[in-house]
Amino acid sequence: MGADGGSIPRREELVKLKAKAEKVDPKEIERVKWSTCAISNQILKEPIVACNLGNLYNKEVILKHLLEKTIPSSFSHVKSLKDLLTIHPKKNPNVDESNLAVNDKALFICPITGLEVGNNSYKFVAIKGCGCVLSERAIRECGASTTCLVCSKPFSVESVLKLAPEESELKIMKEKLLQSKESTDKKRKKNKESTGTSETKEKKNKKEVKEEKKSNEKKDSTTDKEVDASHKKRKVEEKK
């Protein structure tokens, strides 16, 4: 009992209270993902790029890190510009671009449905072929359509990239990315071995051709000497 007559909180209760106080609103996490560069925490501004894990970056920022080789370990999956997709999200017309730092509205919306990004209820994707950003609802409404609803370029459902994924989705994306990398590495190794074998065979063939040529030249030389000797023998016999 405490001096005021109340019970003293146990350690496990204090831990629970602390964890509860530190819990971040999922909507706030989503809003941050859709409004700031993942690597610099600066407000997102065009040109914007996305990596294979759906993180969003200011292109100038991540390009600078790539050139200076200062990419943080948590973004080591980005090796070059080939690992990035330039995306074209539609700006929210209700956002005051003159003061984005204190803006509390979603920066972007789906150009088809008008849904705002940063809402856990709605997921967004980028089409890899064109970089257009749409809500998954818009993609579903496309039905069997094989052209982008924004720019009319052809696309397939398999060629879309999930943006700002949740932790559960991110885990799956990381596993797929790792599998893809391992598969690519195996193919490169196989091609390298195949190329090495081909080069070895080519060198061997060249060596055999060279040796055969030398052998033929030696035979020709021996034949010429034999012919000369035969001619000399005849002349000697004729003189006799």
# chains A, B, ... in the order shown; residues from 1 in each chain; ligands from 1

call {"tool": "residues_around", "arguments": {"residues": "A:Ala126", "least_positions_apart": "5", "cutoff": "6 Å", "atoms": "only C-alpha atoms", "output": "ChimeraX atom specification"}}
result
/A:131-133,160-161

call {"tool": "write_last_selection", "arguments": {"atoms": "N, CA and C atoms", "output": "short mmCIF file (atom, residue, chain, number, x, y, z; two decimals), in the first residue's frame"}}
result
data_model
loop_
_atom_site.label_atom_id
_atom_site.label_comp_id
_atom_site.auth_asym_id
_atom_site.auth_seq_id
_atom_site.Cartn_x
_atom_site.Cartn_y
_atom_site.Cartn_z
N GLY A 131 4.58 3.72 -64.49
CA GLY A 131 4.81 4.49 -63.26
C GLY A 131 3.57 5.16 -62.71
N CYS A 132 2.42 4.95 -63.35
CA CYS A 132 1.19 5.55 -62.84
C CYS A 132 0.82 4.90 -61.50
N VAL A 133 0.26 5.71 -60.60
CA VAL A 133 -0.11 5.23 -59.27
C VAL A 133 -1.62 5.23 -59.13
N VAL A 160 2.58 -4.95 -61.28
CA VAL A 160 2.29 -3.83 -60.38
C VAL A 160 3.13 -3.96 -59.11
N LEU A 161 3.49 -2.82 -58.55
CA LEU A 161 4.32 -2.78 -57.34
C LEU A 161 3.53 -2.17 -56.19
#

call {"tool": "select_by_dssp", "arguments": {"residues": "stretch 8-226 of chain A", "states": "alpha helix (DSSP H)", "output": "ChimeraX atom specification"}}
result
/A:11-22,26-35,59-68,136-142,167-226

call {"tool": "residues_around", "arguments": {"residues": "stretch 49-63 of chain A", "least_positions_apart": "6", "cutoff": "8 Å", "atoms": "only C-alpha atoms", "output": "VMD selection string"}}
result
chain A and resid 33 to 34 36 to 40 71 78 81 83 to 87 161 to 165 170 173 to 174 177

call {"tool": "atom_distance", "arguments": {"atom1": "atom CA of A:Glu141", "atom2": "atom CA of A:Gly129"}}
result
19.1 Å

call {"tool": "atom_distance", "arguments": {"atom1": "atom CA of A:Lys91", "atom2": "atom CA of A:Val125"}}
result
15.2 Å

call {"tool": "atom_distance", "arguments": {"atom1": "atom CA of A:Asn99", "atom2": "atom CA of A:Gly118"}}
result
18.7 Å

call {"tool": "select_by_dssp", "arguments": {"residues": "stretch 56-230 of chain A", "states": "strand (DSSP E or B)", "output": "NGL selection string"}}
result
:A and (56-58 or 84-88 or 90-91 or 108-109 or 116 or 124-127 or 132-135 or 147 or 154 or 160-162)

call {"tool": "closest_residue", "arguments": {"among": "A:Glu46, A:Glu166, A:Asp96, A:Glu211", "to": "A:Pro26", "atoms": "only C-alpha atoms"}}
result
A:Glu166

call {"tool": "closest_residue", "arguments": {"among": "A:Lys123, A:Lys90, A:Lys82, A:Lys171", "to": "A:Ala138", "atoms": "only C-alpha atoms"}}
result
A:Lys123

call {"tool": "closest_residue", "arguments": {"among": "A:Thr147, A:Ser135, A:Ser80, A:Ser98", "to": "A:Asn120", "atoms": "only C-alpha atoms"}}
result
A:Ser135

call {"tool": "closest_residue", "arguments": {"among": "A:Asn94, A:Ser73, A:Asn119, A:Gln42", "to": "A:Glu28", "atoms": "only C-alpha atoms"}}
result
A:Asn119

call {"tool": "residues_around", "arguments": {"residues": "A:Arg137", "least_positions_apart": "2", "cutoff": "10 Å", "atoms": "only C-alpha atoms", "output": "CSV table (one decimal) with N, CA and C atoms, in the first residue's frame"}}
result
chain,number,residue,atom,x,y,z
A,110,CYS,N,-5.9,8.8,-55.8
A,110,CYS,CA,-6.0,7.9,-56.9
A,110,CYS,C,-6.7,8.7,-58.1
A,112,ILE,N,-8.4,7.7,-60.5
A,112,ILE,CA,-9.6,7.1,-61.0
A,112,ILE,C,-10.7,7.1,-60.0
A,113,THR,N,-10.4,6.7,-58.7
A,113,THR,CA,-11.5,6.7,-57.7
A,113,THR,C,-11.5,7.9,-56.8
A,115,LEU,N,-9.7,8.3,-54.2
A,115,LEU,CA,-9.3,7.9,-52.8
A,115,LEU,C,-8.0,8.5,-52.5
A,122,TYR,N,-7.3,1.7,-47.7
A,122,TYR,CA,-7.0,1.7,-49.2
A,122,TYR,C,-5.5,1.5,-49.5
A,123,LYS,N,-5.3,0.5,-50.3
A,123,LYS,CA,-3.9,0.2,-50.7
A,123,LYS,C,-3.7,0.8,-52.1
A,124,PHE,N,-2.4,1.2,-52.4
A,124,PHE,CA,-2.1,1.8,-53.7
A,124,PHE,C,-0.9,1.0,-54.3
A,125,VAL,N,-0.9,1.0,-55.6
A,125,VAL,CA,0.2,0.3,-56.4
A,125,VAL,C,0.7,1.2,-57.5
A,134,LEU,N,-2.2,4.0,-58.8
A,134,LEU,CA,-3.6,3.9,-58.6
A,134,LEU,C,-3.9,3.1,-57.4
A,135,SER,N,-5.1,3.2,-56.9
A,135,SER,CA,-5.6,2.4,-55.8
A,135,SER,C,-5.9,1.0,-56.3
A,139,ILE,N,-7.7,-0.8,-59.8
A,139,ILE,CA,-7.1,-2.0,-60.5
A,139,ILE,C,-8.2,-3.1,-60.6
A,140,ARG,N,-8.9,-3.3,-59.5
A,140,ARG,CA,-9.9,-4.4,-59.5
A,140,ARG,C,-11.1,-4.0,-60.4
A,141,GLU,N,-11.4,-2.7,-60.4
A,141,GLU,CA,-12.5,-2.2,-61.3
A,141,GLU,C,-12.1,-2.3,-62.7
A,142,CYS,N,-10.8,-2.4,-63.0
A,142,CYS,CA,-10.4,-2.6,-64.4
A,142,CYS,C,-10.9,-3.9,-65.0

call {"tool": "closest_residue", "arguments": {"among": "A:Asn205, A:Cys130, A:Leu107, A:Gly143", "to": "A:Leu44", "atoms": "only C-alpha atoms"}}
result
A:Leu107
